[in-house]
Amino acid sequence: MTVVLLRHGRSTSNTAHTLAGRTPGVELDDHGRKQAEGVVDRLVGLDIAEIVRSPLLRCEQTVGPIAVDRDLTPVVEDRLIEVDYGDWTGRPLKELLEEPLWKVVQRHASGAVFPGGEGLAQVQARAVAAVREHDARLAEEHGKDVVWIACTHGDVIKSVLADAFAMHLDSFQRIVAEPASVSVIRYTATLPFVLRVNDTGDVLAAISAAKAATNGSAPAQESVPGGEVGA
């Protein structure tokens with residue numbers, strides 16, 4: 001079974017350089033909507049069995065065009081929701097740089113718990129469980145290898161990829177998941193294979209060419225909560 005981890009397109013919070021978290025009503029900006037439309041072309045010719053998404057608006061908007069194109073009704077999965085950043089929610093990223101917890105998030109993510117929110121270890125546990133459960137369900141329903149989409153958020157995607165790489169969560173900031181990027185994992189009975197990371201172009205070749213291939217990427221800059229890459 002092969003899951004396409006799709007990050008939502010660029011949002012109004014991304015351009016405002018704030019930490020959106022679970023703030024209601026955060027939507028795609030004009031560029032983000034174009035990115036969502038572009039997903040249709042990027043996945044052309046690829047048979048998609050199902051679309052699963054975070055309950056937040058920006059993910060709903062991101063999968064809208066591909067859902068219409070494939071005549072699929074997305075499944076809402078609460079465990080794929082954005083990190084609960086608690087008291088950090090809505091704050092400018094430049095302010096968060098001054099918080100003592102910032103270095104913990106960068107270097108010891110498994111021990112990072114956002115004030116009034118959840119810990120990154122909790123995020124990884126819920127997200128990985130959701131992806132693996134949907135993957136197993138689709139395998140049972142279809143009885144063959146199918147491709148499905150999971151549309152979620154930057155830190156959520158990075159945590160799922162870290163699990164697939166058998167990478168300690170403390171190193172997950174080495175992974176980049178940009179807006180509208182695609183990362184691909186093929187789950188087998190024995191272990192997962194990471195086929196693509198942070199792909200913002202044509203993902204079809206990554207799935208159909210060599211399912212056992214691995215291709216990771218590491219940021220040259222410092223990652224920030226929400227999956228952005230800071231200067």
# chains A, B, ... in the order shown; residues from 1 in each chain; ligands from 1
call {"tool": "select_by_dssp", "arguments": {"residues": "stretch 2-230 of chain A", "states": "alpha helix (DSSP H)", "output": "MDAnalysis selection string"}}
result
chainID A and resid 12:16 30:42 57:70 93:96 101:107 120:142 154:164 204:208
call {"tool": "select_by_dssp", "arguments": {"residues": "stretch 4-230 of chain A", "states": "strand (DSSP E)", "output": "number ranges by chain"}}
result
A: 4-7, 48-53, 75-76, 147-152, 182-187, 192-199, 223-224, 228-229
call {"tool": "residues_around", "arguments": {"residues": "A:Ala177", "least_positions_apart": "2", "cutoff": "8 Å", "atoms": "only C-alpha atoms", "output": "ChimeraX atom specification"}}
result
/A:7,154-155,157-158,175,179,181-183,197-198,227-228
call {"tool": "write_last_selection", "arguments": {"atoms": "N, CA, C and O atoms", "output": "CSV table (one decimal), in the first residue's frame"}}
result
chain,number,residue,atom,x,y,z
A,7,ARG,N,0.9,17.8,1.9
A,7,ARG,CA,0.8,19.0,2.8
A,7,ARG,C,-0.2,20.0,2.2
A,7,ARG,O,-0.2,20.2,1.0
A,154,GLY,N,2.6,20.2,8.2
A,154,GLY,CA,4.0,20.0,8.1
A,154,GLY,C,4.6,19.1,9.2
A,154,GLY,O,5.3,18.1,8.9
A,155,ASP,N,4.4,19.5,10.4
A,155,ASP,CA,5.0,18.7,11.5
A,155,ASP,C,4.4,17.3,11.6
A,155,ASP,O,5.1,16.4,12.0
A,157,ILE,N,3.4,15.5,9.0
A,157,ILE,CA,4.0,14.7,7.9
A,157,ILE,C,5.5,14.4,8.3
A,157,ILE,O,5.9,13.2,8.1
A,158,LYS,N,6.2,15.3,8.8
A,158,LYS,CA,7.6,15.1,9.2
A,158,LYS,C,7.7,14.0,10.3
A,158,LYS,O,8.6,13.1,10.3
A,175,ILE,N,14.0,16.9,8.3
A,175,ILE,CA,13.1,16.7,7.2
A,175,ILE,C,12.3,18.0,6.9
A,175,ILE,O,11.9,18.7,7.8
A,179,PRO,N,4.7,23.7,1.9
A,179,PRO,CA,3.3,23.7,1.4
A,179,PRO,C,3.1,23.1,0.1
A,179,PRO,O,3.9,23.4,-0.9
A,181,SER,N,3.7,20.2,-0.8
A,181,SER,CA,4.6,19.2,-1.2
A,181,SER,C,4.0,17.8,-1.0
A,181,SER,O,3.0,17.6,-0.3
A,182,VAL,N,4.6,16.8,-1.7
A,182,VAL,CA,4.2,15.5,-1.6
A,182,VAL,C,5.3,14.6,-1.1
A,182,VAL,O,6.5,14.7,-1.6
A,183,SER,N,5.1,13.7,-0.1
A,183,SER,CA,6.0,12.7,0.3
A,183,SER,C,5.3,11.4,0.2
A,183,SER,O,4.1,11.3,0.4
A,197,VAL,N,10.4,12.6,-0.7
A,197,VAL,CA,10.2,13.5,0.4
A,197,VAL,C,10.2,14.9,-0.2
A,197,VAL,O,11.0,15.3,-1.0
A,198,ASN,N,9.2,15.7,0.2
A,198,ASN,CA,9.1,17.1,-0.1
A,198,ASN,C,9.1,17.4,-1.6
A,198,ASN,O,9.7,18.3,-2.1
A,227,GLY,N,6.2,23.3,10.2
A,227,GLY,CA,6.8,22.7,8.9
A,227,GLY,C,7.5,23.7,8.1
A,227,GLY,O,7.9,23.4,7.0
A,228,GLU,N,7.6,25.0,8.5
A,228,GLU,CA,8.2,26.0,7.7
A,228,GLU,C,9.8,25.9,7.8
A,228,GLU,O,10.3,25.2,8.7
call {"tool": "atom_distance", "arguments": {"atom1": "atom CA of A:Ala36", "atom2": "atom CA of A:Thr62"}}
result
4.7 Å
call {"tool": "residues_around", "arguments": {"residues": "stretch 127-129 of chain A", "least_positions_apart": "2", "cutoff": "6 Å", "atoms": "only C-alpha atoms", "output": "list of chain:residue names"}}
result
A:Arg79, A:Leu80, A:Gln124, A:Ala125, A:Val131, A:Arg132, A:Glu133, A:Val160
call {"tool": "closest_atom_pairs", "arguments": {"of": "stretch 97-212 of chain A", "to": "stretch 84-93 of chain A", "cutoff": "7 Å", "atoms": "only C-alpha atoms", "output": "JSON lines"}}
result
{"residue": "A:Leu97", "atom": "CA", "partner": "A:Leu93", "partner_atom": "CA", "distance": 6.5}
{"residue": "A:Phe114", "atom": "CA", "partner": "A:Tyr85", "partner_atom": "CA", "distance": 5.4}
{"residue": "A:Pro115", "atom": "CA", "partner": "A:Gly86", "partner_atom": "CA", "distance": 5.6}
{"residue": "A:Gly116", "atom": "CA", "partner": "A:Gly86", "partner_atom": "CA", "distance": 4.4}
{"residue": "A:Gly117", "atom": "CA", "partner": "A:Gly86", "partner_atom": "CA", "distance": 3.8}
{"residue": "A:Glu118", "atom": "CA", "partner": "A:Asp84", "partner_atom": "CA", "distance": 5.5}
call {"tool": "write_last_selection", "arguments": {"atoms": "all heavy atoms", "output": "PDB file, in the first residue's frame"}}
result
ATOM      1  N   LEU A  97      10.981  32.642  18.423  1.00  0.00           N
ATOM      2  CA  LEU A  97      12.423  32.413  18.401  1.00  0.00           C
ATOM      3  C   LEU A  97      13.063  32.705  19.751  1.00  0.00           C
ATOM      4  O   LEU A  97      14.115  32.151  20.090  1.00  0.00           O
ATOM      5  CB  LEU A  97      13.077  33.287  17.335  1.00  0.00           C
ATOM      6  CG  LEU A  97      12.962  32.832  15.876  1.00  0.00           C
ATOM      7  CD1 LEU A  97      13.375  33.963  14.943  1.00  0.00           C
ATOM      8  CD2 LEU A  97      13.803  31.602  15.631  1.00  0.00           C
ATOM      9  N   PHE A 114       4.161  21.688  24.047  1.00  0.00           N
ATOM     10  CA  PHE A 114       3.808  23.095  23.901  1.00  0.00           C
ATOM     11  C   PHE A 114       2.921  23.530  25.067  1.00  0.00           C
ATOM     12  O   PHE A 114       2.000  22.804  25.460  1.00  0.00           O
ATOM     13  CB  PHE A 114       3.113  23.328  22.556  1.00  0.00           C
ATOM     14  CG  PHE A 114       4.022  23.092  21.390  1.00  0.00           C
ATOM     15  CD1 PHE A 114       4.008  21.874  20.724  1.00  0.00           C
ATOM     16  CD2 PHE A 114       4.929  24.064  20.991  1.00  0.00           C
ATOM     17  CE1 PHE A 114       4.873  21.635  19.657  1.00  0.00           C
ATOM     18  CE2 PHE A 114       5.791  23.840  19.927  1.00  0.00           C
ATOM     19  CZ  PHE A 114       5.777  22.622  19.258  1.00  0.00           C
ATOM     20  N   PRO A 115       3.175  24.697  25.628  1.00  0.00           N
ATOM     21  CA  PRO A 115       2.410  25.147  26.797  1.00  0.00           C
ATOM     22  C   PRO A 115       0.921  25.241  26.489  1.00  0.00           C
ATOM     23  O   PRO A 115       0.505  25.931  25.561  1.00  0.00           O
ATOM     24  CB  PRO A 115       3.007  26.531  27.099  1.00  0.00           C
ATOM     25  CG  PRO A 115       3.665  26.959  25.816  1.00  0.00           C
ATOM     26  CD  PRO A 115       4.145  25.710  25.163  1.00  0.00           C
ATOM     27  N   GLY A 116       0.144  24.496  27.243  1.00  0.00           N
ATOM     28  CA  GLY A 116      -1.294  24.470  27.015  1.00  0.00           C
ATOM     29  C   GLY A 116      -1.698  23.629  25.822  1.00  0.00           C
ATOM     30  O   GLY A 116      -2.878  23.599  25.449  1.00  0.00           O
ATOM     31  N   GLY A 117      -0.738  22.930  25.215  1.00  0.00           N
ATOM     32  CA  GLY A 117      -1.018  22.123  24.031  1.00  0.00           C
ATOM     33  C   GLY A 117      -0.559  20.693  24.190  1.00  0.00           C
ATOM     34  O   GLY A 117      -0.596  20.129  25.287  1.00  0.00           O
ATOM     35  N   GLU A 118      -0.091  20.097  23.107  1.00  0.00           N
ATOM     36  CA  GLU A 118       0.339  18.697  23.144  1.00  0.00           C
ATOM     37  C   GLU A 118       1.832  18.585  22.869  1.00  0.00           C
ATOM     38  O   GLU A 118       2.483  19.536  22.428  1.00  0.00           O
ATOM     39  CB  GLU A 118      -0.460  17.857  22.138  1.00  0.00           C
ATOM     40  CG  GLU A 118      -0.222  18.197  20.685  1.00  0.00           C
ATOM     41  CD  GLU A 118      -1.064  17.340  19.735  1.00  0.00           C
ATOM     42  OE1 GLU A 118      -1.417  16.202  20.073  1.00  0.00           O
ATOM     43  OE2 GLU A 118      -1.357  17.845  18.632  1.00  0.00           O
TER      44      GLU A 118
END
call {"tool": "residues_around", "arguments": {"residues": "stretch 57-59 of chain A", "least_positions_apart": "6", "cutoff": "8 Å", "atoms": "only C-alpha atoms", "output": "MDAnalysis selection string"}}
result
chainID A and resid 7:9 11 24:28 151:152
call {"tool": "residues_around", "arguments": {"residues": "stretch 138-141 of chain A", "least_positions_apart": "3", "cutoff": "12 Å", "atoms": "only C-alpha atoms", "output": "list in words"}}
result
Met1, Thr2, Val3, Ile48, Ala49, Glu50, Ile51, Val52, Val131, Arg132, Glu133, His134, Asp135, Lys144, Asp145, Val146, Val147, Trp148, Ile149, Arg186, Tyr187, Thr188 and Ala189 of chain A
call {"tool": "write_last_selection", "arguments": {"atoms": "N, CA and C atoms", "output": "JSON list (two decimals), in the first residue's frame"}}
result
[["chain", "number", "residue", "atom", "x", "y", "z"],
["A", 1, "MET", "N", 0.85, -1.19, 0.00],
["A", 1, "MET", "CA", 0.00, 0.00, 0.00],
["A", 1, "MET", "C", 0.88, 1.24, 0.00],
["A", 2, "THR", "N", 0.46, 2.23, -0.75],
["A", 2, "THR", "CA", 1.28, 3.43, -0.93],
["A", 2, "THR", "C", 0.48, 4.66, -0.54],
["A", 3, "VAL", "N", 1.02, 5.43, 0.41],
["A", 3, "VAL", "CA", 0.34, 6.65, 0.85],
["A", 3, "VAL", "C", 1.08, 7.87, 0.32],
["A", 48, "ILE", "N", -6.12, 6.79, -7.68],
["A", 48, "ILE", "CA", -6.21, 7.11, -6.25],
["A", 48, "ILE", "C", -7.43, 6.39, -5.67],
["A", 49, "ALA", "N", -7.19, 5.56, -4.68],
["A", 49, "ALA", "CA", -8.29, 4.78, -4.09],
["A", 49, "ALA", "C", -9.09, 5.60, -3.09],
["A", 50, "GLU", "N", -8.43, 6.48, -2.35],
["A", 50, "GLU", "CA", -9.13, 7.23, -1.31],
["A", 50, "GLU", "C", -8.34, 8.47, -0.93],
["A", 51, "ILE", "N", -9.07, 9.48, -0.44],
["A", 51, "ILE", "CA", -8.46, 10.69, 0.08],
["A", 51, "ILE", "C", -8.86, 10.82, 1.55],
["A", 52, "VAL", "N", -7.87, 10.94, 2.42],
["A", 52, "VAL", "CA", -8.09, 11.14, 3.85],
["A", 52, "VAL", "C", -7.47, 12.49, 4.20],
["A", 131, "VAL", "N", -2.30, 6.73, 9.99],
["A", 131, "VAL", "CA", -1.84, 6.35, 8.65],
["A", 131, "VAL", "C", -1.77, 4.84, 8.51],
["A", 132, "ARG", "N", -1.23, 4.18, 9.48],
["A", 132, "ARG", "CA", -1.09, 2.72, 9.38],
["A", 132, "ARG", "C", -2.45, 2.02, 9.44],
["A", 133, "GLU", "N", -3.38, 2.55, 10.22],
["A", 133, "GLU", "CA", -4.71, 1.94, 10.29],
["A", 133, "GLU", "C", -5.48, 2.11, 8.98],
["A", 134, "HIS", "N", -5.42, 3.29, 8.39],
["A", 134, "HIS", "CA", -6.08, 3.50, 7.10],
["A", 134, "HIS", "C", -5.42, 2.64, 6.02],
["A", 135, "ASP", "N", -4.12, 2.53, 6.09],
["A", 135, "ASP", "CA", -3.39, 1.71, 5.12],
["A", 135, "ASP", "C", -3.82, 0.25, 5.21],
["A", 144, "LYS", "N", -5.39, -5.61, -2.76],
["A", 144, "LYS", "CA", -4.24, -5.40, -3.64],
["A", 144, "LYS", "C", -3.57, -4.08, -3.24],
["A", 145, "ASP", "N", -2.43, -3.82, -3.85],
["A", 145, "ASP", "CA", -1.71, -2.59, -3.58],
["A", 145, "ASP", "C", -2.44, -1.41, -4.22],
["A", 146, "VAL", "N", -2.86, -0.45, -3.42],
["A", 146, "VAL", "CA", -3.50, 0.75, -3.95],
["A", 146, "VAL", "C", -2.76, 1.99, -3.45],
["A", 147, "VAL", "N", -3.04, 3.12, -4.07],
["A", 147, "VAL", "CA", -2.45, 4.40, -3.68],
["A", 147, "VAL", "C", -3.54, 5.27, -3.07],
["A", 148, "TRP", "N", -3.25, 5.91, -1.97],
["A", 148, "TRP", "CA", -4.22, 6.79, -1.34],
["A", 148, "TRP", "C", -3.52, 8.06, -0.85],
["A", 149, "ILE", "N", -4.29, 9.11, -0.64],
["A", 149, "ILE", "CA", -3.77, 10.41, -0.23],
["A", 149, "ILE", "C", -4.12, 10.68, 1.22],
["A", 186, "ARG", "N", 5.66, 3.71, 0.85],
["A", 186, "ARG", "CA", 5.04, 2.42, 0.52],
["A", 186, "ARG", "C", 5.20, 1.50, 1.73],
["A", 187, "TYR", "N", 4.08, 1.11, 2.32],
["A", 187, "TYR", "CA", 4.10, 0.20, 3.47],
["A", 187, "TYR", "C", 3.99, -1.24, 2.98],
["A", 188, "THR", "N", 4.87, -2.10, 3.49],
["A", 188, "THR", "CA", 4.81, -3.52, 3.17],
["A", 188, "THR", "C", 4.60, -4.31, 4.45],
["A", 189, "ALA", "N", 4.54, -5.61, 4.33],
["A", 189, "ALA", "CA", 4.31, -6.45, 5.50],
["A", 189, "ALA", "C", 5.49, -6.42, 6.47]]
call {"tool": "residues_around", "arguments": {"residues": "A:Ile66", "least_positions_apart": "3", "cutoff": "9 Å", "atoms": "only C-alpha atoms", "output": "VMD selection string"}}
result
chain A and resid 36 to 41 43 51 62 to 63 69 to 72
call {"tool": "atom_distance", "arguments": {"atom1": "atom CA of A:Leu19", "atom2": "atom CA of A:Val194"}}
result
27.9 Å
call {"tool": "closest_residue", "arguments": {"among": "A:Ser13, A:Ala67, A:Gln35, A:Leu101", "to": "A:Val113", "atoms": "only C-alpha atoms"}}
result
A:Leu101
call {"tool": "atom_distance", "arguments": {"atom1": "atom CA of A:Phe172", "atom2": "atom CA of A:Ser159"}}
result
6.4 Å
